[in-house]
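Student: My file is input.txt. It has compact mmCIF, C-alpha atoms and all ligand atoms:
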```txt
# COMPACT_ATOMS: atom_id res chain seq x y z
CA MET A 1 -3.36 7.72 17.20
CA ILE A 2 -5.91 9.72 15.14
CA GLU A 3 -5.06 12.90 17.11
CA LYS A 4 -1.36 12.33 16.43
CA PHE A 5 -2.14 11.82 12.73
CA LEU A 6 -4.23 15.01 12.51
CA GLU A 7 -1.54 16.98 14.36
CA THR A 8 1.16 15.71 11.98
CA ILE A 9 -0.88 16.63 8.91
CA LYS A 10 -1.56 20.08 10.38
CA ASN A 11 2.08 20.81 11.10
CA LYS A 12 3.89 19.20 8.19
CA THR A 13 4.42 19.84 4.50
CA ASN A 14 6.27 17.71 1.94
CA ILE A 15 3.79 14.87 2.35
CA VAL A 16 3.39 12.01 -0.14
CA PHE A 17 0.51 9.53 -0.20
CA PHE A 18 0.89 5.90 -1.28
CA GLY A 19 -2.41 4.06 -1.67
CA GLY A 20 -4.12 0.93 -2.90
CA ALA A 21 -7.53 -0.60 -3.52
CA GLY A 22 -8.67 0.08 0.07
CA VAL A 23 -8.75 3.81 -0.74
CA SER A 24 -11.66 3.19 -3.11
CA THR A 25 -13.72 0.58 -1.23
CA GLU A 26 -15.68 3.42 0.42
CA SER A 27 -16.53 4.52 -3.14
CA GLY A 28 -18.09 1.11 -3.73
CA ILE A 29 -15.18 -0.46 -5.64
CA PRO A 30 -14.22 -3.85 -4.18
CA ASP A 31 -10.55 -4.49 -3.36
CA PHE A 32 -8.80 -7.79 -4.09
CA ARG A 33 -7.92 -9.34 -0.75
CA SER A 34 -10.63 -8.39 1.78
CA VAL A 35 -13.24 -11.05 2.66
CA ASP A 36 -15.67 -9.40 0.25
CA GLY A 37 -12.87 -8.66 -2.23
CA LEU A 38 -12.57 -10.14 -5.70
CA TYR A 39 -10.11 -12.85 -4.64
CA ASN A 40 -12.69 -14.38 -2.34
CA GLN A 41 -15.40 -14.67 -4.98
CA LYS A 42 -15.81 -17.72 -7.21
CA TYR A 43 -14.83 -17.70 -10.90
CA ASP A 44 -13.84 -20.32 -13.47
CA TYR A 45 -10.21 -19.22 -12.99
CA PRO A 46 -8.39 -17.45 -10.13
CA PRO A 47 -8.66 -13.65 -10.66
CA GLU A 48 -4.85 -13.35 -10.61
CA GLU A 49 -4.79 -15.61 -13.66
CA ILE A 50 -7.61 -13.81 -15.50
CA ILE A 51 -5.84 -10.47 -15.21
CA SER A 52 -2.50 -11.78 -16.40
CA HIS A 53 -0.92 -11.00 -19.76
CA SER A 54 -0.83 -14.64 -20.90
CA PHE A 55 -4.52 -15.15 -20.05
CA PHE A 56 -5.40 -11.94 -21.91
CA LEU A 57 -3.69 -13.31 -25.04
CA LYS A 58 -5.15 -16.83 -24.68
CA ASN A 59 -8.71 -15.98 -23.68
CA PRO A 60 -9.43 -12.31 -24.45
CA GLU A 61 -13.22 -12.71 -24.51
CA TYR A 62 -13.27 -14.07 -20.94
CA PHE A 63 -10.78 -11.39 -19.89
CA TYR A 64 -12.98 -8.55 -21.22
CA ASN A 65 -16.14 -9.92 -19.63
CA PHE A 66 -14.39 -10.12 -16.25
CA TYR A 67 -12.77 -6.73 -16.78
CA ARG A 68 -16.06 -5.02 -17.65
CA ASN A 69 -17.99 -6.68 -14.82
CA LYS A 70 -15.43 -6.54 -12.02
CA LEU A 71 -12.74 -3.96 -12.69
CA ILE A 72 -14.82 -1.14 -14.13
CA CYS A 73 -17.17 0.36 -11.59
CA LYS A 74 -19.57 2.55 -13.50
CA GLY A 75 -20.60 5.71 -11.68
CA ALA A 76 -18.09 5.34 -8.79
CA LYS A 77 -17.39 8.70 -7.15
CA PRO A 78 -14.44 9.87 -5.06
CA ASN A 79 -14.80 9.60 -1.28
CA ALA A 80 -13.48 11.79 1.56
CA ALA A 81 -9.95 10.36 1.24
CA HIS A 82 -9.71 11.35 -2.45
CA PHE A 83 -11.17 14.82 -1.79
CA LYS A 84 -8.98 15.60 1.23
CA LEU A 85 -5.85 14.54 -0.66
CA ALA A 86 -6.77 16.94 -3.47
CA GLU A 87 -7.29 19.70 -0.89
CA LEU A 88 -3.95 18.95 0.78
CA GLU A 89 -2.22 19.25 -2.60
CA LYS A 90 -3.98 22.54 -3.33
CA ALA A 91 -2.89 23.84 0.08
CA GLY A 92 0.75 23.06 -0.84
CA LYS A 93 1.13 20.34 1.79
CA LEU A 94 1.00 17.23 -0.37
CA ASN A 95 3.47 16.72 -3.23
CA ALA A 96 2.11 13.61 -4.91
CA VAL A 97 -0.30 10.72 -4.79
CA VAL A 98 1.26 7.39 -5.76
CA THR A 99 -1.49 4.88 -6.40
CA GLN A 100 -1.84 1.24 -7.31
CA ASN A 101 -5.45 1.94 -8.28
CA ILE A 102 -6.68 2.08 -11.83
CA ASP A 103 -10.00 3.84 -11.19
CA GLY A 104 -9.00 7.49 -11.79
CA LEU A 105 -10.83 8.68 -8.66
CA HIS A 106 -7.93 10.83 -7.42
CA GLN A 107 -8.03 12.91 -10.61
CA MET A 108 -11.82 13.04 -10.45
CA ALA A 109 -11.48 14.53 -6.95
CA GLY A 110 -9.09 17.19 -8.26
CA SER A 111 -5.61 15.79 -7.54
CA LYS A 112 -3.06 16.93 -10.14
CA THR A 113 0.13 14.99 -9.41
CA VAL A 114 -0.94 11.37 -9.46
CA TYR A 115 1.43 8.52 -10.34
CA GLU A 116 -0.67 5.57 -11.44
CA LEU A 117 1.65 2.60 -11.05
CA HIS A 118 -0.82 0.15 -12.58
CA GLY A 119 -2.30 2.39 -15.26
CA SER A 120 -5.91 3.51 -15.67
CA VAL A 121 -9.22 2.17 -16.94
CA HIS A 122 -9.71 5.61 -18.52
CA ARG A 123 -6.98 5.03 -21.10
CA ASN A 124 -7.26 2.36 -23.79
CA TYR A 125 -5.18 1.83 -26.92
CA CYS A 126 -5.45 -0.13 -30.12
CA MET A 127 -2.73 -2.79 -30.11
CA GLU A 128 -2.24 -2.32 -33.86
CA CYS A 129 -2.39 1.41 -34.64
CA GLY A 130 -2.19 2.92 -31.14
CA LYS A 131 -5.44 4.90 -31.49
CA PHE A 132 -6.72 6.15 -28.13
CA TYR A 133 -10.11 5.20 -26.71
CA GLY A 134 -11.80 6.38 -23.51
CA LEU A 135 -13.55 4.30 -20.87
CA ASP A 136 -16.96 4.68 -22.60
CA PHE A 137 -15.71 2.74 -25.58
CA ILE A 138 -14.83 -0.31 -23.47
CA GLU A 139 -18.01 -0.03 -21.38
CA ASN A 140 -20.23 0.17 -24.44
CA SER A 141 -18.51 -2.60 -26.39
CA THR A 142 -19.31 -6.29 -26.11
CA GLY A 143 -16.96 -9.25 -26.40
CA ILE A 144 -13.48 -8.22 -27.55
CA PRO A 145 -13.38 -4.45 -28.29
CA HIS A 146 -11.97 -3.70 -31.74
CA CYS A 147 -10.52 -0.51 -33.20
CA SER A 148 -11.72 0.93 -36.52
CA CYS A 149 -8.49 -0.58 -37.98
CA GLY A 150 -9.46 -4.05 -36.73
CA GLY A 151 -6.90 -4.25 -33.90
CA ILE A 152 -7.83 -5.15 -30.32
CA VAL A 153 -8.28 -2.17 -27.97
CA LYS A 154 -6.41 -2.95 -24.75
CA PRO A 155 -6.79 -1.09 -21.46
CA ASP A 156 -3.68 0.80 -20.35
CA VAL A 157 -3.69 -1.27 -17.19
CA VAL A 158 -0.66 -3.23 -16.01
CA LEU A 159 -1.60 -6.92 -16.00
CA TYR A 160 0.27 -9.55 -14.01
CA GLU A 161 3.45 -10.53 -15.96
CA GLU A 162 3.65 -7.02 -17.45
CA MET A 163 6.22 -4.34 -16.64
CA LEU A 164 5.38 -1.10 -14.86
CA ASP A 165 5.92 2.08 -16.85
CA ASP A 166 9.50 3.13 -16.24
CA LEU A 167 8.93 6.90 -16.13
CA THR A 168 5.98 6.57 -13.73
CA VAL A 169 8.07 4.37 -11.43
CA ARG A 170 10.97 6.82 -11.46
CA LYS A 171 8.72 9.78 -10.64
CA ALA A 172 6.99 7.82 -7.86
CA VAL A 173 10.28 6.73 -6.32
CA SER A 174 11.63 10.26 -6.51
CA ALA A 175 8.50 11.62 -4.76
CA ILE A 176 8.64 8.97 -2.03
CA SER A 177 12.37 9.29 -1.40
CA GLY A 178 12.11 13.10 -1.15
CA ALA A 179 9.14 13.18 1.23
CA ASP A 180 9.25 14.11 4.92
CA VAL A 181 5.96 12.35 5.60
CA LEU A 182 4.68 9.24 3.83
CA ILE A 183 1.08 8.16 4.32
CA ILE A 184 0.47 4.57 3.24
CA ALA A 185 -3.20 3.63 3.13
CA GLY A 186 -5.63 1.02 1.88
CA THR A 187 -3.08 -1.48 0.67
CA SER A 188 -2.10 -4.98 1.73
CA LEU A 189 1.43 -4.19 0.46
CA SER A 190 1.56 -7.56 -1.22
CA VAL A 191 1.68 -6.66 -4.93
CA TYR A 192 5.26 -6.21 -6.11
CA PRO A 193 7.14 -4.28 -7.36
CA ALA A 194 4.71 -1.49 -6.33
CA ALA A 195 4.68 -2.43 -2.63
CA GLY A 196 8.50 -2.40 -2.53
CA MET A 197 8.58 1.30 -3.40
CA VAL A 198 7.74 2.38 0.13
CA ARG A 199 11.23 1.19 1.09
CA TYR A 200 12.63 4.29 -0.62
CA PHE A 201 11.11 6.52 2.06
CA LYS A 202 13.74 8.12 4.30
CA GLY A 203 11.74 10.94 5.88
CA SER A 204 10.73 11.37 9.50
CA GLU A 205 7.07 10.28 9.72
CA LEU A 206 5.72 7.05 8.32
CA ILE A 207 1.94 6.87 8.73
CA LEU A 208 -0.06 3.73 8.02
CA ILE A 209 -3.85 3.69 7.70
CA ASN A 210 -5.35 0.33 6.84
CA ARG A 211 -8.29 -1.74 7.95
CA ASP A 212 -6.17 -4.89 8.40
CA SER A 213 -2.58 -5.09 9.60
CA THR A 214 0.23 -4.98 7.04
CA PRO A 215 3.78 -6.38 6.88
CA ILE A 216 5.23 -2.99 7.88
CA ASP A 217 2.97 -1.98 10.79
CA ASP A 218 5.94 -2.26 13.14
CA GLN A 219 7.99 0.24 11.10
CA ALA A 220 5.41 3.06 11.12
CA ASN A 221 5.38 6.00 13.56
CA ILE A 222 1.59 6.14 13.44
CA VAL A 223 -0.61 3.11 12.74
CA ILE A 224 -4.38 3.47 12.42
CA HIS A 225 -6.46 0.37 11.81
CA GLY A 226 -9.58 1.97 10.39
CA LYS A 227 -11.29 3.18 7.26
CA VAL A 228 -9.18 5.61 5.28
CA GLY A 229 -12.16 7.75 4.15
CA GLU A 230 -13.44 8.07 7.70
CA VAL A 231 -9.97 8.97 8.99
CA PHE A 232 -9.32 11.53 6.24
CA SER A 233 -12.73 13.14 6.68
CA GLN A 234 -11.48 14.39 10.08
CA ILE A 235 -8.64 16.43 8.53
CA LYS A 236 -9.25 20.18 8.67
CA ILE A 237 -7.30 22.19 6.13
P1 LIG B 301 -5.53 -5.40 -1.72
O1 LIG B 301 -6.90 -5.83 -2.12
O2 LIG B 301 -4.44 -6.38 -1.76
O3 LIG B 301 -5.60 -4.83 -0.24
C1 LIG B 301 -6.50 -3.86 0.14
C2 LIG B 301 -6.19 -3.46 1.57
O4 LIG B 301 -7.00 -2.35 1.88
C3 LIG B 301 -6.49 -4.56 2.58
O5 LIG B 301 -5.38 -4.69 3.43
C4 LIG B 301 -7.71 -4.02 3.36
O6 LIG B 301 -7.64 -4.31 4.73
C5 LIG B 301 -7.59 -2.54 3.15
N1 LIG B 301 -8.86 -1.83 3.09
C6 LIG B 301 -9.98 -2.15 2.43
N2 LIG B 301 -10.91 -1.17 2.57
C7 LIG B 301 -10.33 -0.22 3.37
C8 LIG B 301 -10.78 1.03 3.88
N3 LIG B 301 -11.98 1.51 3.60
N4 LIG B 301 -9.91 1.74 4.64
C9 LIG B 301 -8.67 1.27 4.94
N5 LIG B 301 -8.22 0.08 4.50
C10 LIG B 301 -9.04 -0.64 3.70
O7 LIG B 301 -5.20 -4.10 -2.57
P2 LIG B 301 -3.79 -3.49 -3.05
O8 LIG B 301 -2.78 -3.60 -1.97
O9 LIG B 301 -4.07 -2.18 -3.65
O10 LIG B 301 -3.27 -4.46 -4.19
C11 LIG B 301 -4.12 -5.04 -5.12
C12 LIG B 301 -4.04 -4.60 -6.56
O11 LIG B 301 -5.39 -4.44 -6.89
C13 LIG B 301 -3.43 -3.29 -6.91
O12 LIG B 301 -2.42 -3.57 -7.78
C14 LIG B 301 -4.52 -2.50 -7.68
O13 LIG B 301 -4.06 -2.19 -8.97
C15 LIG B 301 -5.62 -3.47 -7.88
N6 LIG B 301 -7.01 -3.03 -7.64
C16 LIG B 301 -7.37 -1.75 -7.88
C17 LIG B 301 -8.67 -1.34 -7.63
C18 LIG B 301 -9.04 0.09 -7.93
O14 LIG B 301 -8.52 0.70 -8.85
N7 LIG B 301 -9.94 0.69 -7.14
C19 LIG B 301 -9.60 -2.23 -7.10
C20 LIG B 301 -9.19 -3.55 -6.87
C21 LIG B 301 -7.88 -3.93 -7.13
```
Could you rewrite the structure in this file as structure tokens?
Tutor:
Amino acid sequence: MIEKFLETIKNKTNIVFFGGAGVSTESGIPDFRSVDGLYNQKYDYPPEEIISHSFFLKNPEYFYNFYRNKLICKGAKPNAAHFKLAELEKAGKLNAVVTQNIDGLHQMAGSKTVYELHGSVHRNYCMECGKFYGLDFIENSTGIPHCSCGGIVKPDVVLYEEMLDDLTVRKAVSAISGADVLIIAGTSLSVYPAAGMVRYFKGSELILINRDSTPIDDQANIVIHGKVGEVFSQIKI
């Protein structure tokens, strides 16, 4: 299957990539649902609850401690998957990266067209005055981070119970529905509505690269159960 994948990438253009937390595990950022993922560690509350909008409002101090310790990975660097995707875009073969990740590693690797469905840890806004703050501000703060105006500075990250950004969704759907090749990688395809977006694909080659099986393995033309960074490192551009 890897040979077929490499051949397809070599011969095709109009490729779109749809990825999730598994794209960044080889950069040292844990995903949610693997055995060593965040959902299998022990906390006072289930992680899904901690990163929900209602929990954020009720218990912001606990939210920010969890957020700083578990969702921000200081010093994480892009891996081969991020770098090869940036190279494919530069070579005119890849049109867009659609990601559920919030880590900003695609941009750090050089990708330009990145649709971040769940926002980014690199953008933070005061809930009162809208003033922008970078990641450093959250990392270096303790407890609940406050703006100079006194408002709470909230990460531009989509929490459970919150809506996805409409424009980002529309651009992502347009990229997916116009692609000839869709590569889906490093995602359990279980977080909606993001996971449902892959249904808009109507091109010829659906490629799936994931360590574990997914609900749509049987629909893909090429299925590789392996590590996305290791697979991508074999691409020659
Ligand atoms: P998930 O945790 O539900 O699933 C991750 C999938 O990736 C699993 O199926 C696993 O088998 C696979 N995987 C793990 N490492 C892999 C590797 N090296 N190569 C190939 N496959 C690998 O993640 P999800 O589907 O993205 O959904 C969870 C939500 O978690 C997303 O909404 C995302 O916003 C958020 N999240 C983001 C980050 C991040 O920004 N890096 C990290 C954790 C969670």
Student: Please give me, as a VMD selection string, the residues lying within 8 Å of ligand LIG 301 (chain B) when counting all atoms listed in the file.
Tutor: chain A and resid 19 to 26 29 to 34 37 to 38 71 99 to 104 117 to 120 158 185 to 191 194 to 195 209 to 214 225 to 230
Student: May I ask which of the residues A:Val98, A:Val198, A:Leu85, A:Met108 is the closest one to Ile9 of chain A, counting only C-alpha atoms?
Tutor: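 Among the listed residues, the smallest separation from Ile9 of chain A belongs to A:Leu85.
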Student: Between A:Leu94, A:Cys126, A:Val169, A:Ile235, which has the minimum distance to Ser148 of chain A (counting all atoms listed in the file)?
Tutor: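 Of all the options, A:Cys126 lies closest to Ser148 of chain A.
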Student: Could you jot down the atom CA of Leu135 of chain A to atom CA of Ile72 of chain A separation for me, Å, one decimal place?
Tutor: 8.8 Å
Student: Between A:Val121, A:Cys73, A:Leu105, A:Ile144, which one has atoms that come closest to Ala86 of chain A, using all atoms listed in the file?
Tutor: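 Among the listed residues, the smallest separation from Ala86 of chain A belongs to A:Leu105.
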Student: Could I get segment 206-218 of chain A from the block written out with N, CA, C and O atoms, as a compact mmCIF listing (two decimals), in the first residue's frame?
Tutor:
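Writing done, so here's selection_1.txt:
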```txt
# COMPACT_ATOMS: atom_id res chain seq x y z
N LEU A 206 -9.18 8.42 -2.28
CA LEU A 206 -9.26 8.67 -0.84
C LEU A 206 -8.19 7.83 -0.15
O LEU A 206 -8.18 6.61 -0.25
N ILE A 207 -7.27 8.52 0.53
CA ILE A 207 -6.14 7.84 1.17
C ILE A 207 -6.25 8.02 2.68
O ILE A 207 -6.47 9.13 3.16
N LEU A 208 -6.12 6.92 3.40
CA LEU A 208 -6.24 6.98 4.85
C LEU A 208 -4.96 6.46 5.51
O LEU A 208 -4.55 5.33 5.23
N ILE A 209 -4.35 7.29 6.33
CA ILE A 209 -3.14 6.86 7.05
C ILE A 209 -3.40 7.06 8.54
O ILE A 209 -3.55 8.20 9.01
N ASN A 210 -3.52 5.99 9.26
CA ASN A 210 -3.80 6.09 10.70
C ASN A 210 -3.26 4.87 11.40
O ASN A 210 -3.22 3.78 10.84
N ARG A 211 -2.80 5.07 12.63
CA ARG A 211 -2.27 3.93 13.38
C ARG A 211 -3.36 2.89 13.64
O ARG A 211 -3.18 1.71 13.40
N ASP A 212 -4.52 3.35 14.11
CA ASP A 212 -5.64 2.43 14.38
C ASP A 212 -6.64 2.53 13.23
O ASP A 212 -6.62 3.47 12.46
N SER A 213 -7.56 1.56 13.18
CA SER A 213 -8.56 1.63 12.11
C SER A 213 -9.58 2.73 12.42
O SER A 213 -9.73 3.16 13.56
N THR A 214 -10.26 3.18 11.38
CA THR A 214 -11.23 4.27 11.53
C THR A 214 -12.58 3.82 10.96
O THR A 214 -12.64 2.81 10.25
N PRO A 215 -13.64 4.59 11.22
CA PRO A 215 -14.96 4.19 10.72
C PRO A 215 -15.05 4.18 9.19
O PRO A 215 -16.00 3.64 8.64
N ILE A 216 -14.09 4.81 8.48
CA ILE A 216 -14.23 4.85 7.03
C ILE A 216 -13.11 4.10 6.29
O ILE A 216 -12.90 4.32 5.10
N ASP A 217 -12.43 3.20 6.99
CA ASP A 217 -11.38 2.41 6.33
C ASP A 217 -11.89 1.72 5.06
O ASP A 217 -11.19 1.66 4.05
N ASP A 218 -13.12 1.23 5.13
CA ASP A 218 -13.66 0.47 3.99
C ASP A 218 -14.00 1.36 2.79
O ASP A 218 -14.25 0.86 1.70
```
